[in-house]
Amino acid sequence: MRFLFGDIIVDPNKVKITKNAQPLECEPRVFELLVYFCHNPQKAISRDELVTHVWSGRIVSHAAVNRAIGELRKLIEDKPSSPQWLITVSKVGYRLTIVPNVLASDELEKSVQKHAMPAKIAFKPILNPAWAVTSKWFGLLTALVILLFYILQGTYSSKAMGEVSVSARQPITFSTGNAFNPYYHAETKRLVFLYRANTNAYAQIYMQEGNGPAHAVLNDDYYYTDVLYGADGFIYASRLDDLQQRQCEIVKINPLSKRVSPIVDCGKGVITQLVFDQQRRRLIYRSRPSISEPYAIHSYQLDTGRKQQLSHPEQVGNNTGDYTFAISPNSQKLAIIEYHSADIDKIKILDLNNNRIIASAPLINNVHGLLWHLQYNILASNGNGLFSFDVNQQTVSTIEHSDQFGRLTLGEHNNRIITERSQSTVNVFSFSTDPLIIKPLTASRGLSLGPVLGSSSDILAFKSNRTGEKKIFIQPKGRAAFIAEFDGTIEYISAMAWSADDEKLVASINDVLYLYSLNTKNWQRIAKDYTRVHHVTFVGESILFSAEIDEQWNIWQLSVDNEQAQQVTTRGGYSIQGNDSKLYFTKFNYDGLYQLDLSTKTESIVIKDFPIIGWRHWQLRNDKIFYLFGNNYQELNLNTEVESIVHKFAGRKPNSCHTAYQEDFFVCEQVEFSTSNIWKFQLSQK
């Protein structure tokens, strides 16, 4: 059995490690350590477990284990101080981040040949010295001409886009539902895309051939998340089994027989994009071992079934990782967008011949469309517009400021681009409990999300883009809403909560804590030492928030008076609610809703099957837990331990709800209108 990851091959039988086809020397214990990690990949392994299995239970200190880990990192890591293969798991031990490929002998030989440096070949001189000198100068001149040609070609290609504008927009689909995630196959003139008839329907695969009408390829009970038409004539798609378990798989579909063949699992809670690497006949997709780890880019070879991890995002903090990507026209490189919470998301260029990053630069945030357009030009879109990235110069330029660009795919030729354009209206509605009366609390054509009601009144706070930018709105009962003006750009708002007297609103904005005063109408930054903050709430006169420190999320308590913060949980904590005697919280990487008794410091579980993805979907109010589960808004009485259904939604459940302080009504965000269609547009030189 031999293991391969990156350019490293581990041969336990021969007690041999090679990197870039070069043998590496190490201590026997360090070698055994690497072999143990290869047998137990992507598992957090404690130092005690390593002592038991690698040191055979001998009495050794943790310092000795740490030293061996350090030697192993020096051996296999390009940057041992910033490891990508062997990372530290806080308060646990260490973890190998990749599942190595297990190679047979012939596969190993091919891998060695692929990574080996070309051998030097000695030629016997057969020419006379004069001709040899002439040939030498001729060869140099030829090399210079070729070099000049490539320089000029590179310069031309890098500027081939020039200054361009968008023109000649035209819709391709005309549905009243949602048509999205287009992929166009130019050779067969076939367009495949996803379609959802309404907000309660599951997305299905549709295909349009030439100028003919679009038709459904399948009609099943799966929720499809991406689709492409392969060069081999099959349709490839990613899908979820349902929107609760959210198990992802990639399938192959015969468009004639409608036969569906599962190919590979892509993880739980993963909504993945697909790219077809025609040269290597493989699918490229994103995946992650668990919801608490960053996404990495993987490939699946269709003929052999070989899986390979192509990218290795930073393992620091709450990093979403590599979240979208595009392949170059010649299938030699992959452009990857990596999320950065405290900075602009960056674009990385991966050489698919050796899986090495050859370039990296800041791009734009929240990329949802990426297309490798020309050899040296990449198009990217987000909610702010369409942009161009020059690969050679590593510069970003704006093509058009607009919110009408979604996913991007190439049309009939290089200057014809296909995208999706969408319109949605989401408003906040109140649901009275007895009798049931539903009425809108907001009325706008934008998105009004994340409603939070007051602690002692029916004042409402919510986030909305109705002005064209993300803003926080405050709406006192019976009065018009006003903007809580924020000095700066709001990228995202993770959570909000009212103080006990409803005079202050605390919010996590761009991963930083801010406190808003209704009296002064100003925001004040608090907990300045913490820059990775997600959830936040008031408990009495204190503020509780979750922060990521040393790669682990825990709960912290902040005194509003002196801004002193102290750690509350040590075994994990993410979303948080509480009272004077008990705290209730979720964890970043475990299912369940937990309780911490403040007097005894005893931790217990309250709702065992509470899902990780439900961290935004619950609330503590008057010794009751209100939470969304399936299509129900449920209540758990903490005193009697009796569960009951407050409301059952007929369609798909809302993303968030919040119960009023007197429990006489609750509010939820509801999609009123949503439509998207596939469009094509022309890129023209200015």
# chains A, B, ... in the order shown; residues from 1 in each chain; ligands from 1

call {"tool": "closest_atom_pairs", "arguments": {"of": "stretch 179-227 of chain A", "to": "stretch 672-685 of chain A", "cutoff": "7 Å", "atoms": "only C-alpha atoms", "output": "tab-separated table"}}
result
residue	atom	partner	partner_atom	distance
A:Ala179	CA	A:Asn677	CA	4.8
A:Phe180	CA	A:Asn677	CA	6.5
A:Pro182	CA	A:Ile678	CA	6.9

call {"tool": "write_last_selection", "arguments": {"atoms": "N, CA and C atoms", "output": "mmCIF file, in the first residue's frame"}}
result
data_model
loop_
_atom_site.group_PDB
_atom_site.id
_atom_site.type_symbol
_atom_site.label_atom_id
_atom_site.label_comp_id
_atom_site.auth_asym_id
_atom_site.auth_seq_id
_atom_site.Cartn_x
_atom_site.Cartn_y
_atom_site.Cartn_z
ATOM 1 N N ALA A 179 -35.347 30.486 -13.347
ATOM 2 C CA ALA A 179 -34.391 29.788 -14.195
ATOM 3 C C ALA A 179 -33.007 30.318 -13.831
ATOM 4 N N PHE A 180 -32.070 29.425 -13.500
ATOM 5 C CA PHE A 180 -30.777 29.886 -13.000
ATOM 6 C C PHE A 180 -29.696 28.840 -13.265
ATOM 7 N N PRO A 182 -27.058 28.711 -15.575
ATOM 8 C CA PRO A 182 -27.000 28.254 -16.967
ATOM 9 C C PRO A 182 -25.641 27.665 -17.327
#

call {"tool": "residues_around", "arguments": {"residues": "stretch 560-566 of chain A", "least_positions_apart": "5", "cutoff": "12 Å", "atoms": "only C-alpha atoms", "output": "list in words"}}
result
Ser499, Lys504, Val506, Leu513, Tyr514, Leu515, Gln524, Arg525, Ile526, Ala527, Lys528, Asp529, Tyr530, Phe538, Val539, Gly540, Glu541, Ser542, Ile543, Leu544, Phe545, Ser546, Ala547, Asn554 and Ile555 of chain A

call {"tool": "write_last_selection", "arguments": {"atoms": "N, CA and C atoms", "output": "PDB file, in the first residue's frame"}}
result
ATOM      1  N   SER A 499     -31.493  45.367  23.907  1.00  0.00           N
ATOM      2  CA  SER A 499     -31.270  45.383  25.353  1.00  0.00           C
ATOM      3  C   SER A 499     -32.596  45.192  26.081  1.00  0.00           C
ATOM      4  N   LYS A 504     -31.081  50.057  23.354  1.00  0.00           N
ATOM      5  CA  LYS A 504     -29.850  49.783  22.627  1.00  0.00           C
ATOM      6  C   LYS A 504     -30.023  48.539  21.761  1.00  0.00           C
ATOM      7  N   VAL A 506     -27.570  45.755  19.725  1.00  0.00           N
ATOM      8  CA  VAL A 506     -26.222  45.262  19.475  1.00  0.00           C
ATOM      9  C   VAL A 506     -26.257  44.430  18.196  1.00  0.00           C
ATOM     10  N   LEU A 513     -18.297  43.747  16.587  1.00  0.00           N
ATOM     11  CA  LEU A 513     -19.448  44.128  17.407  1.00  0.00           C
ATOM     12  C   LEU A 513     -19.640  45.643  17.432  1.00  0.00           C
ATOM     13  N   TYR A 514     -20.916  46.054  17.276  1.00  0.00           N
ATOM     14  CA  TYR A 514     -21.293  47.461  17.370  1.00  0.00           C
ATOM     15  C   TYR A 514     -22.543  47.583  18.237  1.00  0.00           C
ATOM     16  N   LEU A 515     -22.655  48.720  18.934  1.00  0.00           N
ATOM     17  CA  LEU A 515     -23.798  49.008  19.799  1.00  0.00           C
ATOM     18  C   LEU A 515     -24.441  50.306  19.335  1.00  0.00           C
ATOM     19  N   GLN A 524     -21.493  52.542  18.088  1.00  0.00           N
ATOM     20  CA  GLN A 524     -20.227  52.560  18.805  1.00  0.00           C
ATOM     21  C   GLN A 524     -19.619  51.167  18.732  1.00  0.00           C
ATOM     22  N   ARG A 525     -18.361  51.094  18.322  1.00  0.00           N
ATOM     23  CA  ARG A 525     -17.708  49.790  18.278  1.00  0.00           C
ATOM     24  C   ARG A 525     -17.363  49.345  19.699  1.00  0.00           C
ATOM     25  N   ILE A 526     -17.639  48.074  19.998  1.00  0.00           N
ATOM     26  CA  ILE A 526     -17.338  47.519  21.318  1.00  0.00           C
ATOM     27  C   ILE A 526     -16.539  46.228  21.135  1.00  0.00           C
ATOM     28  N   ALA A 527     -15.997  45.707  22.226  1.00  0.00           N
ATOM     29  CA  ALA A 527     -15.172  44.486  22.187  1.00  0.00           C
ATOM     30  C   ALA A 527     -14.133  44.592  21.076  1.00  0.00           C
ATOM     31  N   LYS A 528     -13.338  45.652  21.135  1.00  0.00           N
ATOM     32  CA  LYS A 528     -12.422  45.979  20.039  1.00  0.00           C
ATOM     33  C   LYS A 528     -11.325  44.942  19.837  1.00  0.00           C
ATOM     34  N   ASP A 529     -11.049  44.133  20.835  1.00  0.00           N
ATOM     35  CA  ASP A 529     -10.009  43.119  20.693  1.00  0.00           C
ATOM     36  C   ASP A 529     -10.484  41.886  19.929  1.00  0.00           C
ATOM     37  N   TYR A 530     -11.780  41.836  19.594  1.00  0.00           N
ATOM     38  CA  TYR A 530     -12.344  40.662  18.942  1.00  0.00           C
ATOM     39  C   TYR A 530     -12.787  41.036  17.530  1.00  0.00           C
ATOM     40  N   PHE A 538     -28.150  40.090  24.242  1.00  0.00           N
ATOM     41  CA  PHE A 538     -28.140  40.682  25.585  1.00  0.00           C
ATOM     42  C   PHE A 538     -28.643  39.645  26.587  1.00  0.00           C
ATOM     43  N   VAL A 539     -28.000  39.566  27.745  1.00  0.00           N
ATOM     44  CA  VAL A 539     -28.501  38.814  28.896  1.00  0.00           C
ATOM     45  C   VAL A 539     -28.372  39.744  30.091  1.00  0.00           C
ATOM     46  N   GLY A 540     -29.506  40.295  30.509  1.00  0.00           N
ATOM     47  CA  GLY A 540     -29.478  41.311  31.562  1.00  0.00           C
ATOM     48  C   GLY A 540     -28.736  42.542  31.079  1.00  0.00           C
ATOM     49  N   GLU A 541     -27.745  42.980  31.854  1.00  0.00           N
ATOM     50  CA  GLU A 541     -26.948  44.147  31.481  1.00  0.00           C
ATOM     51  C   GLU A 541     -25.675  43.771  30.735  1.00  0.00           C
ATOM     52  N   SER A 542     -25.479  42.496  30.493  1.00  0.00           N
ATOM     53  CA  SER A 542     -24.279  42.037  29.800  1.00  0.00           C
ATOM     54  C   SER A 542     -24.596  41.661  28.359  1.00  0.00           C
ATOM     55  N   ILE A 543     -23.547  41.635  27.559  1.00  0.00           N
ATOM     56  CA  ILE A 543     -23.647  41.192  26.172  1.00  0.00           C
ATOM     57  C   ILE A 543     -22.877  39.884  26.045  1.00  0.00           C
ATOM     58  N   LEU A 544     -23.521  38.881  25.492  1.00  0.00           N
ATOM     59  CA  LEU A 544     -22.870  37.612  25.206  1.00  0.00           C
ATOM     60  C   LEU A 544     -22.645  37.510  23.706  1.00  0.00           C
ATOM     61  N   PHE A 545     -21.464  37.053  23.328  1.00  0.00           N
ATOM     62  CA  PHE A 545     -21.174  36.916  21.904  1.00  0.00           C
ATOM     63  C   PHE A 545     -20.268  35.714  21.675  1.00  0.00           C
ATOM     64  N   SER A 546     -20.321  35.177  20.457  1.00  0.00           N
ATOM     65  CA  SER A 546     -19.431  34.086  20.090  1.00  0.00           C
ATOM     66  C   SER A 546     -18.273  34.654  19.287  1.00  0.00           C
ATOM     67  N   ALA A 547     -17.064  34.206  19.610  1.00  0.00           N
ATOM     68  CA  ALA A 547     -15.864  34.669  18.923  1.00  0.00           C
ATOM     69  C   ALA A 547     -14.963  33.483  18.632  1.00  0.00           C
ATOM     70  N   ASN A 554     -16.101  29.987  20.892  1.00  0.00           N
ATOM     71  CA  ASN A 554     -16.617  29.912  22.252  1.00  0.00           C
ATOM     72  C   ASN A 554     -17.423  31.171  22.560  1.00  0.00           C
ATOM     73  N   ILE A 555     -18.093  31.143  23.715  1.00  0.00           N
ATOM     74  CA  ILE A 555     -18.950  32.258  24.139  1.00  0.00           C
ATOM     75  C   ILE A 555     -18.176  33.150  25.106  1.00  0.00           C
TER      76      ILE A 555
END

call {"tool": "residues_around", "arguments": {"residues": "A:Thr304", "least_positions_apart": "3", "cutoff": "10 Å", "atoms": "only C-alpha atoms", "output": "ChimeraX atom specification"}}
result
/A:281-282,300-301,307

call {"tool": "write_last_selection", "arguments": {"atoms": "C-alpha atoms", "output": "compact mmCIF listing (two decimals), in the first residue's frame"}}
result
# COMPACT_ATOMS: atom_id res chain seq x y z
CA ARG A 281 -12.17 13.61 -18.41
CA ARG A 282 -12.92 14.57 -14.87
CA TYR A 300 -13.30 12.99 -9.83
CA GLN A 301 -11.86 11.09 -12.79
CA LYS A 307 -10.69 11.37 -6.37

call {"tool": "atom_distance", "arguments": {"atom1": "atom CA of A:Ala186", "atom2": "atom CA of A:Gln308"}}
result
28.3 Å

call {"tool": "residues_around", "arguments": {"residues": "A:Asn219", "least_positions_apart": "3", "cutoff": "8 Å", "atoms": "only C-alpha atoms", "output": "ChimeraX atom specification"}}
result
/A:204-205,216

call {"tool": "write_last_selection", "arguments": {"atoms": "C-alpha atoms", "output": "PDB file, in the first residue's frame"}}
result
ATOM      1  CA  GLN A 204     -35.049  20.580 -11.536  1.00  0.00           C
ATOM      2  CA  ILE A 205     -32.922  20.261 -14.698  1.00  0.00           C
ATOM      3  CA  ALA A 216     -37.598  19.210 -18.268  1.00  0.00           C
TER       4      ALA A 216
END

call {"tool": "atom_distance", "arguments": {"atom1": "atom CA of A:Val51", "atom2": "atom CA of A:His39"}}
result
15.6 Å

call {"tool": "closest_residue", "arguments": {"among": "A:Gly630, A:Tyr661, A:Asn40, A:Ile358", "to": "A:Trp498", "atoms": "only C-alpha atoms"}}
result
A:Tyr661

call {"tool": "atom_distance", "arguments": {"atom1": "atom CA of A:Glu548", "atom2": "atom CA of A:Gly267"}}
result
23.8 Å

call {"tool": "residues_around", "arguments": {"residues": "stretch 43-48 of chain A", "least_positions_apart": "2", "cutoff": "7 Å", "atoms": "only C-alpha atoms", "output": "ChimeraX atom specification"}}
result
/A:40-41,50-52,62,65,89,92-96

call {"tool": "write_last_selection", "arguments": {"atoms": "N, CA and C atoms", "output": "CSV table (one decimal), in the first residue's frame"}}
result
chain,number,residue,atom,x,y,z
A,40,ASN,N,-5.2,7.5,9.0
A,40,ASN,CA,-6.3,8.2,9.7
A,40,ASN,C,-6.5,9.6,9.3
A,41,PRO,N,-6.8,9.8,8.0
A,41,PRO,CA,-6.8,11.2,7.4
A,41,PRO,C,-8.1,11.9,7.9
A,50,LEU,N,-1.5,9.3,19.6
A,50,LEU,CA,-0.3,9.1,18.9
A,50,LEU,C,0.7,8.4,19.8
A,51,VAL,N,0.8,8.7,21.1
A,51,VAL,CA,1.7,8.0,22.0
A,51,VAL,C,1.4,6.5,22.0
A,52,THR,N,0.1,6.2,22.0
A,52,THR,CA,-0.4,4.8,22.1
A,52,THR,C,0.0,4.0,20.8
A,62,HIS,N,4.3,15.2,26.0
A,62,HIS,CA,3.7,15.8,24.8
A,62,HIS,C,4.7,16.7,24.1
A,65,VAL,N,6.1,14.6,21.4
A,65,VAL,CA,5.2,14.5,20.3
A,65,VAL,C,5.2,15.8,19.4
A,89,VAL,N,-5.2,21.1,15.8
A,89,VAL,CA,-6.6,21.2,16.2
A,89,VAL,C,-6.6,21.6,17.6
A,92,VAL,N,-7.0,19.6,21.0
A,92,VAL,CA,-7.2,18.1,20.7
A,92,VAL,C,-5.9,17.5,20.3
A,93,GLY,N,-5.3,18.0,19.2
A,93,GLY,CA,-4.1,17.4,18.7
A,93,GLY,C,-3.8,17.9,17.3
A,94,TYR,N,-3.7,16.9,16.4
A,94,TYR,CA,-3.4,17.3,15.0
A,94,TYR,C,-4.3,16.5,14.0
A,95,ARG,N,-4.3,17.0,12.8
A,95,ARG,CA,-5.1,16.4,11.8
A,95,ARG,C,-4.5,16.5,10.4
A,96,LEU,N,-4.4,15.4,9.6
A,96,LEU,CA,-4.0,15.5,8.2
A,96,LEU,C,-5.2,15.9,7.4

call {"tool": "residues_around", "arguments": {"residues": "stretch 26-38 of chain A", "least_positions_apart": "5", "cutoff": "12 Å", "atoms": "only C-alpha atoms", "output": "PyMOL selection string"}}
result
chain A and resi 1-5+8-18+43-47+49-56+64-76+85-87+93-102

call {"tool": "residues_around", "arguments": {"residues": "A:Trp553", "least_positions_apart": "5", "cutoff": "10 Å", "atoms": "only C-alpha atoms", "output": "list in words"}}
result
Gly317, Asn318, Arg532, Val533, His534, Ser546, Ala547, Glu548, Thr569, Thr570, Arg571, Gly572, Gly573, Tyr574, Ser575, Lys587, Phe588 and Asn589 of chain A

call {"tool": "write_last_selection", "arguments": {"atoms": "N, CA and C atoms", "output": "PDB file, in the first residue's frame"}}
result
ATOM      1  N   GLY A 317      -9.019  30.326  11.301  1.00  0.00           N
ATOM      2  CA  GLY A 317     -10.282  30.974  11.636  1.00  0.00           C
ATOM      3  C   GLY A 317     -11.473  30.360  10.924  1.00  0.00           C
ATOM      4  N   ASN A 318     -12.552  31.140  10.868  1.00  0.00           N
ATOM      5  CA  ASN A 318     -13.800  30.700  10.259  1.00  0.00           C
ATOM      6  C   ASN A 318     -13.744  30.973   8.763  1.00  0.00           C
ATOM      7  N   ARG A 532     -13.430  38.430  15.056  1.00  0.00           N
ATOM      8  CA  ARG A 532     -14.133  37.298  14.435  1.00  0.00           C
ATOM      9  C   ARG A 532     -15.342  36.962  15.307  1.00  0.00           C
ATOM     10  N   VAL A 533     -16.370  37.781  15.192  1.00  0.00           N
ATOM     11  CA  VAL A 533     -17.567  37.663  16.020  1.00  0.00           C
ATOM     12  C   VAL A 533     -18.755  37.360  15.121  1.00  0.00           C
ATOM     13  N   HIS A 534     -19.583  36.396  15.511  1.00  0.00           N
ATOM     14  CA  HIS A 534     -20.770  36.085  14.712  1.00  0.00           C
ATOM     15  C   HIS A 534     -22.061  36.363  15.478  1.00  0.00           C
ATOM     16  N   SER A 546     -20.321  35.177  20.457  1.00  0.00           N
ATOM     17  CA  SER A 546     -19.431  34.086  20.090  1.00  0.00           C
ATOM     18  C   SER A 546     -18.273  34.654  19.287  1.00  0.00           C
ATOM     19  N   ALA A 547     -17.064  34.206  19.610  1.00  0.00           N
ATOM     20  CA  ALA A 547     -15.864  34.669  18.923  1.00  0.00           C
ATOM     21  C   ALA A 547     -14.963  33.483  18.632  1.00  0.00           C
ATOM     22  N   GLU A 548     -14.251  33.569  17.506  1.00  0.00           N
ATOM     23  CA  GLU A 548     -13.323  32.516  17.127  1.00  0.00           C
ATOM     24  C   GLU A 548     -11.932  32.900  17.599  1.00  0.00           C
ATOM     25  N   THR A 569     -17.653  29.768  27.884  1.00  0.00           N
ATOM     26  CA  THR A 569     -17.572  28.348  27.548  1.00  0.00           C
ATOM     27  C   THR A 569     -16.150  27.996  27.120  1.00  0.00           C
ATOM     28  N   THR A 570     -15.786  26.744  27.318  1.00  0.00           N
ATOM     29  CA  THR A 570     -14.455  26.269  26.916  1.00  0.00           C
ATOM     30  C   THR A 570     -14.531  25.073  25.978  1.00  0.00           C
ATOM     31  N   ARG A 571     -15.721  24.507  25.823  1.00  0.00           N
ATOM     32  CA  ARG A 571     -15.881  23.318  24.979  1.00  0.00           C
ATOM     33  C   ARG A 571     -16.693  23.619  23.728  1.00  0.00           C
ATOM     34  N   GLY A 572     -16.679  24.877  23.319  1.00  0.00           N
ATOM     35  CA  GLY A 572     -17.378  25.266  22.099  1.00  0.00           C
ATOM     36  C   GLY A 572     -18.657  26.022  22.382  1.00  0.00           C
ATOM     37  N   GLY A 573     -18.980  26.954  21.517  1.00  0.00           N
ATOM     38  CA  GLY A 573     -20.214  27.717  21.622  1.00  0.00           C
ATOM     39  C   GLY A 573     -20.350  28.641  20.435  1.00  0.00           C
ATOM     40  N   TYR A 574     -21.562  28.751  19.882  1.00  0.00           N
ATOM     41  CA  TYR A 574     -21.744  29.558  18.674  1.00  0.00           C
ATOM     42  C   TYR A 574     -22.892  30.552  18.824  1.00  0.00           C
ATOM     43  N   SER A 575     -24.128  30.113  18.575  1.00  0.00           N
ATOM     44  CA  SER A 575     -25.258  31.018  18.814  1.00  0.00           C
ATOM     45  C   SER A 575     -25.672  30.904  20.278  1.00  0.00           C
ATOM     46  N   LYS A 587     -23.283  24.727  19.025  1.00  0.00           N
ATOM     47  CA  LYS A 587     -21.847  24.617  18.789  1.00  0.00           C
ATOM     48  C   LYS A 587     -21.583  24.644  17.288  1.00  0.00           C
ATOM     49  N   PHE A 588     -20.374  25.106  16.963  1.00  0.00           N
ATOM     50  CA  PHE A 588     -20.048  25.321  15.554  1.00  0.00           C
ATOM     51  C   PHE A 588     -19.931  24.020  14.772  1.00  0.00           C
ATOM     52  N   ASN A 589     -19.555  22.932  15.422  1.00  0.00           N
ATOM     53  CA  ASN A 589     -19.298  21.699  14.687  1.00  0.00           C
ATOM     54  C   ASN A 589     -20.028  20.482  15.239  1.00  0.00           C
TER      55      ASN A 589
END

call {"tool": "closest_residue", "arguments": {"among": "A:Glu485, A:Ala497, A:Lys79, A:Pro294", "to": "A:Thr520", "atoms": "only C-alpha atoms"}}
result
A:Glu485

call {"tool": "select_by_dssp", "arguments": {"residues": "stretch 337-446 of chain A", "states": "strand (DSSP E)", "output": "PyMOL selection string"}}
result
chain A and resi 337-338+346-351+356-362+369-374+377-382+385-390+395-401+409-410+416-432+438-440

call {"tool": "closest_residue", "arguments": {"among": "A:Val264, A:Ser292, A:Lys521, A:Ser257", "to": "A:Tyr590", "atoms": "only C-alpha atoms"}}
result
A:Ser292

call {"tool": "closest_residue", "arguments": {"among": "A:Ser424, A:Gly230, A:Ile337, A:Ile364", "to": "A:Asn178", "atoms": "only C-alpha atoms"}}
result
A:Ser424
